[in-house]
$ cat protein.pdb   # PDB, C-alpha atoms, pLDDT in the B column
MODEL        1
ATOM      1  CA  MET C   1      24.899  -7.463  11.420  1.00 63.00           C
ATOM      2  CA  THR C   2      21.355  -8.871  11.481  1.00 68.00           C
ATOM      3  CA  LYS C   3      20.342  -6.831  14.538  1.00 69.00           C
ATOM      4  CA  ASN C   4      21.726  -3.665  12.969  1.00 76.00           C
ATOM      5  CA  VAL C   5      19.688  -4.315   9.814  1.00 79.00           C
ATOM      6  CA  PHE C   6      16.567  -4.723  11.952  1.00 78.00           C
ATOM      7  CA  SER C   7      17.356  -1.481  13.780  1.00 78.00           C
ATOM      8  CA  ASN C   8      17.502   0.477  10.505  1.00 75.00           C
ATOM      9  CA  ASP C   9      21.216   1.204  10.457  1.00 85.00           C
ATOM     10  CA  PRO C  10      21.833   2.420   6.856  1.00 87.00           C
ATOM     11  CA  THR C  11      25.515   1.550   7.021  1.00 89.00           C
ATOM     12  CA  ALA C  12      24.802  -1.995   8.198  1.00 90.00           C
ATOM     13  CA  LEU C  13      22.090  -2.357   5.569  1.00 91.00           C
ATOM     14  CA  GLY C  14      24.496  -1.278   2.844  1.00 91.00           C
ATOM     15  CA  LYS C  15      27.106  -3.770   4.055  1.00 92.00           C
ATOM     16  CA  ALA C  16      24.475  -6.522   4.201  1.00 92.00           C
ATOM     17  CA  ILE C  17      23.481  -5.871   0.585  1.00 91.00           C
ATOM     18  CA  THR C  18      27.145  -5.916  -0.457  1.00 91.00           C
ATOM     19  CA  LEU C  19      27.508  -9.252   1.324  1.00 91.00           C
ATOM     20  CA  ILE C  20      24.637 -10.929  -0.513  1.00 88.00           C
ATOM     21  CA  GLU C  21      25.900  -9.505  -3.828  1.00 86.00           C
ATOM     22  CA  SER C  22      29.353 -11.010  -3.268  1.00 87.00           C
ATOM     23  CA  THR C  23      30.324 -14.031  -5.369  1.00 83.00           C
ATOM     24  CA  LYS C  24      32.886 -15.323  -2.851  1.00 89.00           C
ATOM     25  CA  LYS C  25      31.938 -18.724  -1.439  1.00 86.00           C
ATOM     26  CA  GLU C  26      32.705 -17.754   2.160  1.00 87.00           C
ATOM     27  CA  HIS C  27      30.439 -14.722   1.799  1.00 90.00           C
ATOM     28  CA  GLN C  28      27.620 -16.778   0.315  1.00 88.00           C
ATOM     29  CA  VAL C  29      27.383 -18.890   3.478  1.00 89.00           C
ATOM     30  CA  LEU C  30      27.106 -15.769   5.625  1.00 91.00           C
ATOM     31  CA  ALA C  31      24.592 -14.278   3.188  1.00 90.00           C
ATOM     32  CA  ASP C  32      22.383 -17.366   3.357  1.00 91.00           C
ATOM     33  CA  ASN C  33      22.301 -17.195   7.163  1.00 90.00           C
ATOM     34  CA  LEU C  34      21.534 -13.487   7.049  1.00 91.00           C
ATOM     35  CA  LEU C  35      18.664 -13.988   4.614  1.00 91.00           C
ATOM     36  CA  ARG C  36      17.153 -16.763   6.712  1.00 90.00           C
ATOM     37  CA  ASN C  37      17.157 -14.488   9.755  1.00 89.00           C
ATOM     38  CA  CYS C  38      15.630 -11.655   7.740  1.00 89.00           C
ATOM     39  CA  LEU C  39      12.851 -13.864   6.376  1.00 87.00           C
ATOM     40  CA  GLY C  40      11.675 -14.426   9.935  1.00 82.00           C
ATOM     41  CA  ASN C  41      11.556 -10.694  10.598  1.00 81.00           C
ATOM     42  CA  LYS C  42      10.281  -9.323   7.277  1.00 77.00           C
ATOM     43  CA  THR C  43       7.453  -6.832   7.233  1.00 82.00           C
ATOM     44  CA  GLU C  44       4.836  -6.329   4.544  1.00 85.00           C
ATOM     45  CA  SER C  45       5.929  -3.653   2.124  1.00 93.00           C
ATOM     46  CA  VAL C  46       4.535  -2.285  -1.117  1.00 96.00           C
ATOM     47  CA  ARG C  47       6.873  -3.106  -3.973  1.00 95.00           C
ATOM     48  CA  ILE C  48       6.659  -0.869  -7.039  1.00 95.00           C
ATOM     49  CA  GLY C  49       8.633  -1.550 -10.212  1.00 92.00           C
ATOM     50  CA  ILE C  50       9.278   1.446 -12.457  1.00 92.00           C
ATOM     51  CA  THR C  51      10.594   1.144 -15.993  1.00 88.00           C
ATOM     52  CA  GLY C  52      10.901   3.225 -19.133  1.00 86.00           C
ATOM     53  CA  ILE C  53      13.389   4.054 -21.853  1.00 83.00           C
ATOM     54  CA  PRO C  54      16.505   6.124 -21.031  1.00 82.00           C
ATOM     55  CA  GLY C  55      15.594   9.805 -20.949  1.00 85.00           C
ATOM     56  CA  VAL C  56      11.987   9.282 -19.889  1.00 89.00           C
ATOM     57  CA  GLY C  57      12.737  10.840 -16.488  1.00 91.00           C
ATOM     58  CA  LYS C  58      12.750   7.807 -14.199  1.00 90.00           C
ATOM     59  CA  SER C  59      15.177   9.287 -11.666  1.00 90.00           C
ATOM     60  CA  THR C  60      13.327  12.600 -11.415  1.00 92.00           C
ATOM     61  CA  PHE C  61      10.012  10.788 -11.125  1.00 95.00           C
ATOM     62  CA  ILE C  62      11.277   8.451  -8.400  1.00 94.00           C
ATOM     63  CA  GLU C  63      12.898  11.261  -6.417  1.00 94.00           C
ATOM     64  CA  ASN C  64       9.761  13.400  -6.329  1.00 95.00           C
ATOM     65  CA  PHE C  65       7.441  10.433  -5.808  1.00 95.00           C
ATOM     66  CA  GLY C  66       9.729   9.181  -3.039  1.00 95.00           C
ATOM     67  CA  LYS C  67       9.666  12.580  -1.309  1.00 95.00           C
ATOM     68  CA  LEU C  68       5.877  12.572  -1.544  1.00 95.00           C
ATOM     69  CA  LEU C  69       5.761   9.214   0.246  1.00 96.00           C
ATOM     70  CA  VAL C  70       8.293  10.302   2.891  1.00 96.00           C
ATOM     71  CA  ASN C  71       6.241  13.416   3.581  1.00 94.00           C
ATOM     72  CA  LYS C  72       3.286  11.115   4.232  1.00 94.00           C
ATOM     73  CA  GLY C  73       5.271   9.436   6.995  1.00 95.00           C
ATOM     74  CA  MET C  74       6.430   6.383   5.039  1.00 95.00           C
ATOM     75  CA  ARG C  75       9.882   4.850   4.967  1.00 96.00           C
ATOM     76  CA  VAL C  76      11.019   4.508   1.366  1.00 97.00           C
ATOM     77  CA  ALA C  77      13.782   2.392  -0.179  1.00 96.00           C
ATOM     78  CA  VAL C  78      14.911   2.812  -3.767  1.00 95.00           C
ATOM     79  CA  LEU C  79      16.774   0.137  -5.708  1.00 92.00           C
ATOM     80  CA  THR C  80      18.223   1.460  -8.945  1.00 88.00           C
ATOM     81  CA  VAL C  81      19.764  -0.844 -11.523  1.00 80.00           C
ATOM     82  CA  ASP C  82      22.510   0.453 -13.808  1.00 68.00           C
ATOM     83  CA  PRO C  83      23.841  -1.355 -16.889  1.00 55.00           C
ATOM     84  CA  SER C  84      27.286  -2.937 -16.620  1.00 43.00           C
ATOM     85  CA  SER C  85      29.943  -2.747 -19.317  1.00 41.00           C
ATOM     86  CA  ASN C  86      30.420  -5.992 -21.236  1.00 41.00           C
ATOM     87  CA  GLU C  87      34.147  -5.244 -21.453  1.00 44.00           C
ATOM     88  CA  THR C  88      35.154  -3.795 -18.057  1.00 38.00           C
ATOM     89  CA  LYS C  89      32.145  -5.117 -16.079  1.00 40.00           C
ATOM     90  CA  GLY C  90      32.018  -1.668 -14.470  1.00 38.00           C
ATOM     91  CA  SER C  91      28.961   0.531 -13.903  1.00 40.00           C
ATOM     92  CA  ILE C  92      28.535   4.268 -13.330  1.00 43.00           C
ATOM     93  CA  LEU C  93      25.966   3.887 -10.483  1.00 48.00           C
ATOM     94  CA  GLY C  94      25.002   7.551 -10.724  1.00 47.00           C
ATOM     95  CA  ASP C  95      21.363   7.329  -9.638  1.00 54.00           C
ATOM     96  CA  LYS C  96      22.082   8.258  -6.019  1.00 54.00           C
ATOM     97  CA  VAL C  97      23.696  11.462  -7.259  1.00 66.00           C
ATOM     98  CA  ARG C  98      20.695  12.207  -9.487  1.00 72.00           C
ATOM     99  CA  MET C  99      18.393  11.746  -6.461  1.00 87.00           C
ATOM    100  CA  GLU C 100      20.410  14.038  -4.219  1.00 86.00           C
ATOM    101  CA  THR C 101      17.449  15.554  -2.373  1.00 91.00           C
ATOM    102  CA  LEU C 102      15.760  12.235  -1.632  1.00 93.00           C
ATOM    103  CA  SER C 103      19.060  10.677  -0.513  1.00 89.00           C
ATOM    104  CA  LYS C 104      19.269  13.257   2.280  1.00 90.00           C
ATOM    105  CA  GLU C 105      15.908  12.237   3.743  1.00 94.00           C
ATOM    106  CA  LYS C 106      16.206  10.342   7.030  1.00 92.00           C
ATOM    107  CA  ASN C 107      13.472   7.873   6.059  1.00 94.00           C
ATOM    108  CA  ALA C 108      14.826   7.169   2.577  1.00 95.00           C
ATOM    109  CA  PHE C 109      17.448   4.645   1.484  1.00 95.00           C
ATOM    110  CA  ILE C 110      18.872   4.541  -2.058  1.00 93.00           C
ATOM    111  CA  ARG C 111      20.972   1.667  -3.354  1.00 91.00           C
ATOM    112  CA  PRO C 112      22.378   1.651  -6.911  1.00 87.00           C
ATOM    113  CA  THR C 113      23.356  -1.782  -8.198  1.00 81.00           C
ATOM    114  CA  PRO C 114      24.990  -2.945 -11.456  1.00 71.00           C
ATOM    115  CA  THR C 115      23.242  -5.545 -13.608  1.00 59.00           C
ATOM    116  CA  SER C 116      26.425  -7.639 -13.746  1.00 49.00           C
ATOM    117  CA  GLY C 117      25.131  -9.408 -16.834  1.00 47.00           C
ATOM    118  CA  SER C 118      21.620 -10.084 -15.545  1.00 48.00           C
ATOM    119  CA  LEU C 119      18.739  -9.704 -17.989  1.00 43.00           C
ATOM    120  CA  GLY C 120      15.182  -8.520 -17.455  1.00 42.00           C
ATOM    121  CA  GLY C 121      16.036  -5.036 -16.190  1.00 43.00           C
ATOM    122  CA  VAL C 122      17.040  -6.014 -12.642  1.00 53.00           C
ATOM    123  CA  ALA C 123      20.247  -6.999 -10.863  1.00 58.00           C
ATOM    124  CA  ARG C 124      21.350 -10.518  -9.957  1.00 68.00           C
ATOM    125  CA  LYS C 125      20.412 -10.169  -6.278  1.00 82.00           C
ATOM    126  CA  THR C 126      17.479  -7.759  -6.439  1.00 86.00           C
ATOM    127  CA  ARG C 127      15.035 -10.286  -4.971  1.00 87.00           C
ATOM    128  CA  GLU C 128      17.322 -10.967  -1.991  1.00 90.00           C
ATOM    129  CA  THR C 129      17.899  -7.245  -1.463  1.00 92.00           C
ATOM    130  CA  ILE C 130      14.148  -6.746  -1.196  1.00 93.00           C
ATOM    131  CA  ILE C 131      14.094  -9.286   1.657  1.00 92.00           C
ATOM    132  CA  LEU C 132      16.696  -7.218   3.540  1.00 92.00           C
ATOM    133  CA  LEU C 133      14.757  -4.004   2.998  1.00 94.00           C
ATOM    134  CA  GLU C 134      11.546  -5.587   4.261  1.00 93.00           C
ATOM    135  CA  ALA C 135      13.380  -6.858   7.339  1.00 92.00           C
ATOM    136  CA  ALA C 136      14.631  -3.302   7.896  1.00 92.00           C
ATOM    137  CA  GLY C 137      11.012  -2.142   7.973  1.00 92.00           C
ATOM    138  CA  TYR C 138      10.669  -0.072   4.797  1.00 95.00           C
ATOM    139  CA  ASP C 139       7.061   0.627   3.863  1.00 96.00           C
ATOM    140  CA  VAL C 140       7.556   1.179   0.126  1.00 97.00           C
ATOM    141  CA  ILE C 141      10.284  -0.254  -2.092  1.00 96.00           C
ATOM    142  CA  LEU C 142      10.757   1.405  -5.494  1.00 96.00           C
ATOM    143  CA  ILE C 143      12.710  -0.591  -8.062  1.00 92.00           C
ATOM    144  CA  GLU C 144      14.035   1.341 -11.046  1.00 89.00           C
ATOM    145  CA  THR C 145      15.014  -0.906 -13.940  1.00 82.00           C
ATOM    146  CA  VAL C 146      17.811  -0.362 -16.416  1.00 68.00           C
ATOM    147  CA  GLY C 147      15.360   0.952 -18.991  1.00 59.00           C
ATOM    148  CA  VAL C 148      16.336  -0.709 -22.239  1.00 52.00           C
ATOM    149  CA  GLY C 149      13.138  -1.854 -23.861  1.00 52.00           C
ATOM    150  CA  GLN C 150      10.355  -4.411 -24.208  1.00 50.00           C
ATOM    151  CA  ASN C 151      12.051  -7.290 -22.356  1.00 52.00           C
ATOM    152  CA  GLU C 152      12.054  -5.762 -18.859  1.00 57.00           C
ATOM    153  CA  THR C 153       9.459  -8.047 -17.377  1.00 64.00           C
ATOM    154  CA  THR C 154      11.435  -9.860 -14.662  1.00 74.00           C
ATOM    155  CA  VAL C 155      10.779  -7.019 -12.243  1.00 79.00           C
ATOM    156  CA  ARG C 156       7.040  -7.642 -12.605  1.00 80.00           C
ATOM    157  CA  GLU C 157       7.419 -11.012 -10.922  1.00 81.00           C
ATOM    158  CA  MET C 158       8.880  -9.471  -7.759  1.00 85.00           C
ATOM    159  CA  THR C 159       6.652  -6.410  -7.365  1.00 90.00           C
ATOM    160  CA  ASP C 160       3.066  -5.620  -6.403  1.00 93.00           C
ATOM    161  CA  PHE C 161       2.681  -2.860  -8.978  1.00 94.00           C
ATOM    162  CA  PHE C 162       4.478  -2.272 -12.265  1.00 92.00           C
ATOM    163  CA  LEU C 163       4.601   1.276 -13.641  1.00 93.00           C
ATOM    164  CA  LEU C 164       5.700   2.040 -17.191  1.00 91.00           C
ATOM    165  CA  LEU C 165       6.836   5.601 -17.945  1.00 92.00           C
ATOM    166  CA  LYS C 166       6.407   6.899 -21.484  1.00 91.00           C
ATOM    167  CA  LEU C 167       7.339  10.063 -23.333  1.00 90.00           C
ATOM    168  CA  PRO C 168       4.766  12.210 -25.157  1.00 89.00           C
ATOM    169  CA  GLY C 169       5.248  12.383 -28.899  1.00 78.00           C
ATOM    170  CA  ALA C 170       8.016   9.778 -28.948  1.00 70.00           C
ATOM    171  CA  GLY C 171       6.403   8.028 -31.904  1.00 62.00           C
ATOM    172  CA  ASP C 172       5.993   4.707 -30.099  1.00 56.00           C
ATOM    173  CA  GLU C 173       2.252   4.769 -29.436  1.00 51.00           C
ATOM    174  CA  LEU C 174       1.768   1.862 -31.820  1.00 49.00           C
ATOM    175  CA  GLN C 175       4.247  -0.134 -29.761  1.00 50.00           C
ATOM    176  CA  GLY C 176       1.305  -0.626 -27.432  1.00 45.00           C
ATOM    177  CA  ILE C 177       0.086  -3.541 -29.527  1.00 41.00           C
ATOM    178  CA  LYS C 178       3.325  -5.490 -28.898  1.00 50.00           C
ATOM    179  CA  ARG C 179       3.624  -8.138 -26.215  1.00 56.00           C
ATOM    180  CA  GLY C 180       6.140  -7.561 -23.456  1.00 69.00           C
ATOM    181  CA  VAL C 181       6.485  -4.711 -21.032  1.00 78.00           C
ATOM    182  CA  MET C 182       3.245  -3.041 -22.164  1.00 81.00           C
ATOM    183  CA  GLU C 183       1.292  -6.177 -21.437  1.00 81.00           C
ATOM    184  CA  MET C 184       2.776  -6.418 -17.936  1.00 84.00           C
ATOM    185  CA  ALA C 185       2.175  -2.804 -16.919  1.00 88.00           C
ATOM    186  CA  ASP C 186      -0.390  -2.053 -14.210  1.00 92.00           C
ATOM    187  CA  ALA C 187      -0.285   1.613 -15.158  1.00 93.00           C
ATOM    188  CA  ILE C 188       1.292   3.815 -17.812  1.00 93.00           C
ATOM    189  CA  ALA C 189       2.334   7.346 -16.944  1.00 94.00           C
ATOM    190  CA  ILE C 190       3.036   9.782 -19.765  1.00 95.00           C
ATOM    191  CA  ASN C 191       5.824  11.800 -18.168  1.00 95.00           C
ATOM    192  CA  LYS C 192       7.061  15.288 -19.084  1.00 95.00           C
ATOM    193  CA  ALA C 193       3.473  16.457 -19.626  1.00 95.00           C
ATOM    194  CA  ASP C 194       4.416  20.096 -19.205  1.00 94.00           C
ATOM    195  CA  GLY C 195       4.956  23.182 -21.331  1.00 92.00           C
ATOM    196  CA  HIS C 196       4.418  22.536 -25.032  1.00 92.00           C
ATOM    197  CA  ASN C 197       4.127  18.794 -24.370  1.00 93.00           C
ATOM    198  CA  ILE C 198       0.774  18.973 -22.560  1.00 94.00           C
ATOM    199  CA  ASN C 199      -1.436  18.482 -25.625  1.00 94.00           C
ATOM    200  CA  THR C 200       0.878  15.828 -27.046  1.00 94.00           C
ATOM    201  CA  ALA C 201       0.759  13.971 -23.720  1.00 95.00           C
ATOM    202  CA  GLU C 202      -3.044  13.987 -23.691  1.00 95.00           C
ATOM    203  CA  THR C 203      -3.070  12.590 -27.230  1.00 93.00           C
ATOM    204  CA  ALA C 204      -0.628   9.862 -26.212  1.00 91.00           C
ATOM    205  CA  LYS C 205      -2.838   9.058 -23.213  1.00 93.00           C
ATOM    206  CA  VAL C 206      -5.798   8.382 -25.495  1.00 92.00           C
ATOM    207  CA  GLU C 207      -3.726   6.265 -27.888  1.00 88.00           C
ATOM    208  CA  PHE C 208      -2.182   4.142 -25.137  1.00 89.00           C
ATOM    209  CA  THR C 209      -5.568   3.677 -23.496  1.00 90.00           C
ATOM    210  CA  THR C 210      -6.896   2.343 -26.796  1.00 87.00           C
ATOM    211  CA  ALA C 211      -3.870   0.060 -27.186  1.00 84.00           C
ATOM    212  CA  LEU C 212      -4.402  -1.460 -23.732  1.00 85.00           C
ATOM    213  CA  HIS C 213      -7.843  -2.664 -24.766  1.00 82.00           C
ATOM    214  CA  LEU C 214      -6.145  -5.068 -27.191  1.00 80.00           C
ATOM    215  CA  PHE C 215      -4.685  -7.064 -24.299  1.00 81.00           C
ATOM    216  CA  ALA C 216      -6.451  -9.825 -22.416  1.00 79.00           C
ATOM    217  CA  PRO C 217      -7.828  -8.893 -18.958  1.00 80.00           C
ATOM    218  CA  LYS C 218      -5.444  -9.444 -16.038  1.00 81.00           C
ATOM    219  CA  ASP C 219      -6.066 -12.477 -13.848  1.00 81.00           C
ATOM    220  CA  ASN C 220      -6.686 -10.309 -10.774  1.00 82.00           C
ATOM    221  CA  GLY C 221      -9.324  -8.222 -12.556  1.00 83.00           C
ATOM    222  CA  TRP C 222      -7.231  -5.022 -12.496  1.00 88.00           C
ATOM    223  CA  SER C 223      -7.686  -2.660 -15.439  1.00 89.00           C
ATOM    224  CA  PRO C 224      -4.429  -0.823 -16.272  1.00 91.00           C
ATOM    225  CA  LYS C 225      -4.653   2.958 -16.114  1.00 91.00           C
ATOM    226  CA  VAL C 226      -3.033   5.578 -18.322  1.00 94.00           C
ATOM    227  CA  LEU C 227      -2.135   8.876 -16.676  1.00 94.00           C
ATOM    228  CA  THR C 228      -0.165  12.002 -17.489  1.00 96.00           C
ATOM    229  CA  CYS C 229       2.329  13.608 -15.147  1.00 96.00           C
ATOM    230  CA  SER C 230       5.267  15.968 -14.895  1.00 96.00           C
ATOM    231  CA  ALA C 231       7.927  14.746 -12.490  1.00 93.00           C
ATOM    232  CA  LEU C 232       9.884  17.948 -13.103  1.00 90.00           C
ATOM    233  CA  GLU C 233       6.962  20.156 -12.010  1.00 92.00           C
ATOM    234  CA  ASN C 234       5.737  17.609  -9.452  1.00 90.00           C
ATOM    235  CA  LYS C 235       2.324  17.360 -11.098  1.00 92.00           C
ATOM    236  CA  GLY C 236       0.171  14.265 -11.417  1.00 92.00           C
ATOM    237  CA  LEU C 237       2.178  12.140  -8.955  1.00 88.00           C
ATOM    238  CA  GLN C 238      -0.432  12.016  -6.203  1.00 78.00           C
ATOM    239  CA  PRO C 239      -2.914   9.649  -7.950  1.00 57.00           C
ATOM    240  CA  ILE C 240      -0.123   7.180  -8.795  1.00 52.00           C
TER     241      ILE C 240
ENDMDL
END

$ encode --input "protein.pdb" --output "structure tokens"
Amino acid sequence: MTKNVFSNDPTALGKAITLIESTKKEHQVLADNLLRNCLGNKTESVRIGITGIPGVGKSTFIENFGKLLVNKGMRVAVLTVDPSSNETKGSILGDKVRMETLSKEKNAFIRPTPTSGSLGGVARKTRETIILLEAAGYDVILIETVGVGQNETTVREMTDFFLLLKLPGAGDELQGIKRGVMEMADAIAINKADGHNINTAETAKVEFTTALHLFAPKDNGWSPKVLTCSALENKGLQPI
């Protein structure tokens, strides 16, 4: 299985991810061996975490941004995290369907995963899955969080860049002064800046930019940016 992962076999990669997600003890031994082999073959990738409330357009944004990267000759992997039911433990896992065009690209790999009770916006084995994707040679790994609010900061610890998507005119501009996901963001993109929302999006951009000044500077010296974009119309994605 390890050689097939290295050779970019999507089927083998999917089975490898299923293996490391398994809770069976016999599978965990195999998963540990697989991960050790992958660590010795991992490549340097750019990891981008993307979060935002439900309805902000994360799937549309990721699909069009992913296609932009693929068209530039990059290999792109997308990890999407769906919430699990507290009662049935099931999950819809519909993100691959919502990214139908990107899923057909030869150099794109999309893997939906349930949270299975994990907090912080990511799945229980997201970190290990990233190791597999890097061993498979993907240039960019996009991680879409569940999208439930201010506590989705775990993904920041496992990514190089953390993007927060916001809606124009959603009435949460003042939320910018709260600690949490806003404080962790490396950039904020006001999505759905199209049609009658354009002026509202520009206003939100100014307000969020002002809010960011209330936070202490990042240790690496990076100054978070606030941008506007329309994933639906494929506008404003290039600078991000």

$ closest_atom_pairs --input "protein.pdb" --of "segment 153-214 of chain C" --to "segment 131-146 of chain C" --cutoff "12 Å" --atoms "all atoms listed in the file" --output "JSON lines"
{"residue": "C:Thr153", "atom": "CA", "partner": "C:Thr145", "partner_atom": "CA", "distance": 9.7}
{"residue": "C:Thr154", "atom": "CA", "partner": "C:Thr145", "partner_atom": "CA", "distance": 9.7}
{"residue": "C:Val155", "atom": "CA", "partner": "C:Thr145", "partner_atom": "CA", "distance": 7.6}
{"residue": "C:Arg156", "atom": "CA", "partner": "C:Ile143", "partner_atom": "CA", "distance": 10.1}
{"residue": "C:Met158", "atom": "CA", "partner": "C:Ile143", "partner_atom": "CA", "distance": 9.7}
{"residue": "C:Thr159", "atom": "CA", "partner": "C:Ile143", "partner_atom": "CA", "distance": 8.4}
{"residue": "C:Asp160", "atom": "CA", "partner": "C:Ile141", "partner_atom": "CA", "distance": 10.0}
{"residue": "C:Phe161", "atom": "CA", "partner": "C:Leu142", "partner_atom": "CA", "distance": 9.8}
{"residue": "C:Phe162", "atom": "CA", "partner": "C:Ile143", "partner_atom": "CA", "distance": 9.4}
{"residue": "C:Leu163", "atom": "CA", "partner": "C:Glu144", "partner_atom": "CA", "distance": 9.8}
{"residue": "C:Leu164", "atom": "CA", "partner": "C:Thr145", "partner_atom": "CA", "distance": 10.3}
{"residue": "C:Leu165", "atom": "CA", "partner": "C:Glu144", "partner_atom": "CA", "distance": 10.8}
{"residue": "C:Val181", "atom": "CA", "partner": "C:Thr145", "partner_atom": "CA", "distance": 11.7}

$ closest_residue --input "protein.pdb" --among "C:Ala189, C:Val56, C:Ile17, C:Cys38" --to "Leu79 of chain C" --atoms "only C-alpha atoms"
C:Ile17

$ residues_near_point --input "protein.pdb" --point "(15.6, 12.5, 4.0)" --cutoff "10 Å" --atoms "all atoms listed in the file" --output "PyMOL selection string"
chain C and resi 66-67+70-71+75-76+100-109

$ closest_residue --input "protein.pdb" --among "C:Pro217, C:Leu167, C:Cys229, C:Ala185" --to "Ala204 of chain C" --atoms "only C-alpha atoms"
C:Leu167

$ closest_residue --input "protein.pdb" --among "C:Glu21, C:Glu63, C:Glu44, C:Glu233" --to "Thr129 of chain C" --atoms "only C-alpha atoms"
C:Glu21

$ atom_distance --input "protein.pdb" --atom1 "atom CA of Thr113 of chain C" --atom2 "atom CA of Met99 of chain C"
14.5 Å

$ closest_residue --input "protein.pdb" --among "C:Val5, C:Leu237, C:Thr228, C:Arg111" --to "Lys42 of chain C" --atoms "only C-alpha atoms"
C:Val5

$ residues_near_point --input "protein.pdb" --point "(26.7, -3.1, 5.0)" --cutoff "12 Å" --atoms "all atoms listed in the file" --output "list of chain:residue names"
C:Met1, C:Thr2, C:Asn4, C:Val5, C:Asn8, C:Asp9, C:Pro10, C:Thr11, C:Ala12, C:Leu13, C:Gly14, C:Lys15, C:Ala16, C:Ile17, C:Thr18, C:Leu19, C:Ile20, C:Glu21, C:Ser22, C:Ala31, C:Leu34, C:Arg111, C:Thr129, C:Leu132

$ atom_distance --input "protein.pdb" --atom1 "atom CA of Phe61 of chain C" --atom2 "atom CA of Glu128 of chain C"
24.7 Å

$ residues_around --input "protein.pdb" --residues "Phe65 of chain C" --least-positions-apart "6" --cutoff "9 Å" --atoms "all atoms listed in the file" --output "list in words"
Ala231, Asn234, Leu237, Gln238 and Ile240 of chain C

$ atom_distance --input "protein.pdb" --atom1 "atom CA of Lys225 of chain C" --atom2 "atom CA of Thr209 of chain C"
7.5 Å

$ closest_residue --input "protein.pdb" --among "C:Ala187, C:Leu232, C:Ala201, C:Pro224" --to "Ile48 of chain C" --atoms "only C-alpha atoms"
C:Ala187

$ closest_residue --input "protein.pdb" --among "C:Ser230, C:Asn33, C:Asn197, C:Asn220" --to "Lys58 of chain C" --atoms "all atoms listed in the file"
C:Ser230

$ residues_around --input "protein.pdb" --residues "Thr200 of chain C" --least-positions-apart "4" --cutoff "8 Å" --atoms "all atoms listed in the file" --output "list in words"
Pro168, Gly169, Ala193, His196 and Ala204 of chain C

$ build_atoms --input "protein.pdb" --residues "segment 226-230 of chain C" --atoms "all heavy atoms" --output "JSON list (two decimals), in the coordinates of the input"
[["chain", "number", "residue", "atom", "x", "y", "z"],
["C", 226, "VAL", "N", -3.98, 4.72, -17.62],
["C", 226, "VAL", "CA", -3.03, 5.58, -18.32],
["C", 226, "VAL", "C", -3.19, 6.98, -17.77],
["C", 226, "VAL", "O", -4.30, 7.53, -17.76],
["C", 226, "VAL", "CB", -3.26, 5.57, -19.85],
["C", 226, "VAL", "CG1", -2.21, 6.45, -20.53],
["C", 226, "VAL", "CG2", -3.21, 4.16, -20.40],
["C", 227, "LEU", "N", -2.10, 7.56, -17.30],
["C", 227, "LEU", "CA", -2.13, 8.88, -16.68],
["C", 227, "LEU", "C", -1.09, 9.77, -17.31],
["C", 227, "LEU", "O", -0.17, 9.31, -17.98],
["C", 227, "LEU", "CB", -1.85, 8.76, -15.17],
["C", 227, "LEU", "CG", -2.68, 7.74, -14.39],
["C", 227, "LEU", "CD1", -2.04, 7.46, -13.04],
["C", 227, "LEU", "CD2", -4.10, 8.25, -14.20],
["C", 228, "THR", "N", -1.20, 11.06, -17.08],
["C", 228, "THR", "CA", -0.16, 12.00, -17.49],
["C", 228, "THR", "C", 0.42, 12.64, -16.23],
["C", 228, "THR", "O", -0.27, 12.79, -15.22],
["C", 228, "THR", "CB", -0.72, 13.11, -18.40],
["C", 228, "THR", "OG1", -1.74, 13.84, -17.71],
["C", 228, "THR", "CG2", -1.30, 12.52, -19.68],
["C", 229, "CYS", "N", 1.70, 12.99, -16.30],
["C", 229, "CYS", "CA", 2.33, 13.61, -15.15],
["C", 229, "CYS", "C", 3.55, 14.41, -15.59],
["C", 229, "CYS", "O", 4.03, 14.28, -16.73],
["C", 229, "CYS", "CB", 2.74, 12.55, -14.12],
["C", 229, "CYS", "SG", 4.06, 11.45, -14.69],
["C", 230, "SER", "N", 4.02, 15.24, -14.69],
["C", 230, "SER", "CA", 5.27, 15.97, -14.90],
["C", 230, "SER", "C", 6.09, 15.82, -13.63],
["C", 230, "SER", "O", 5.82, 16.47, -12.62],
["C", 230, "SER", "CB", 5.00, 17.45, -15.20],
["C", 230, "SER", "OG", 6.23, 18.18, -15.18]]
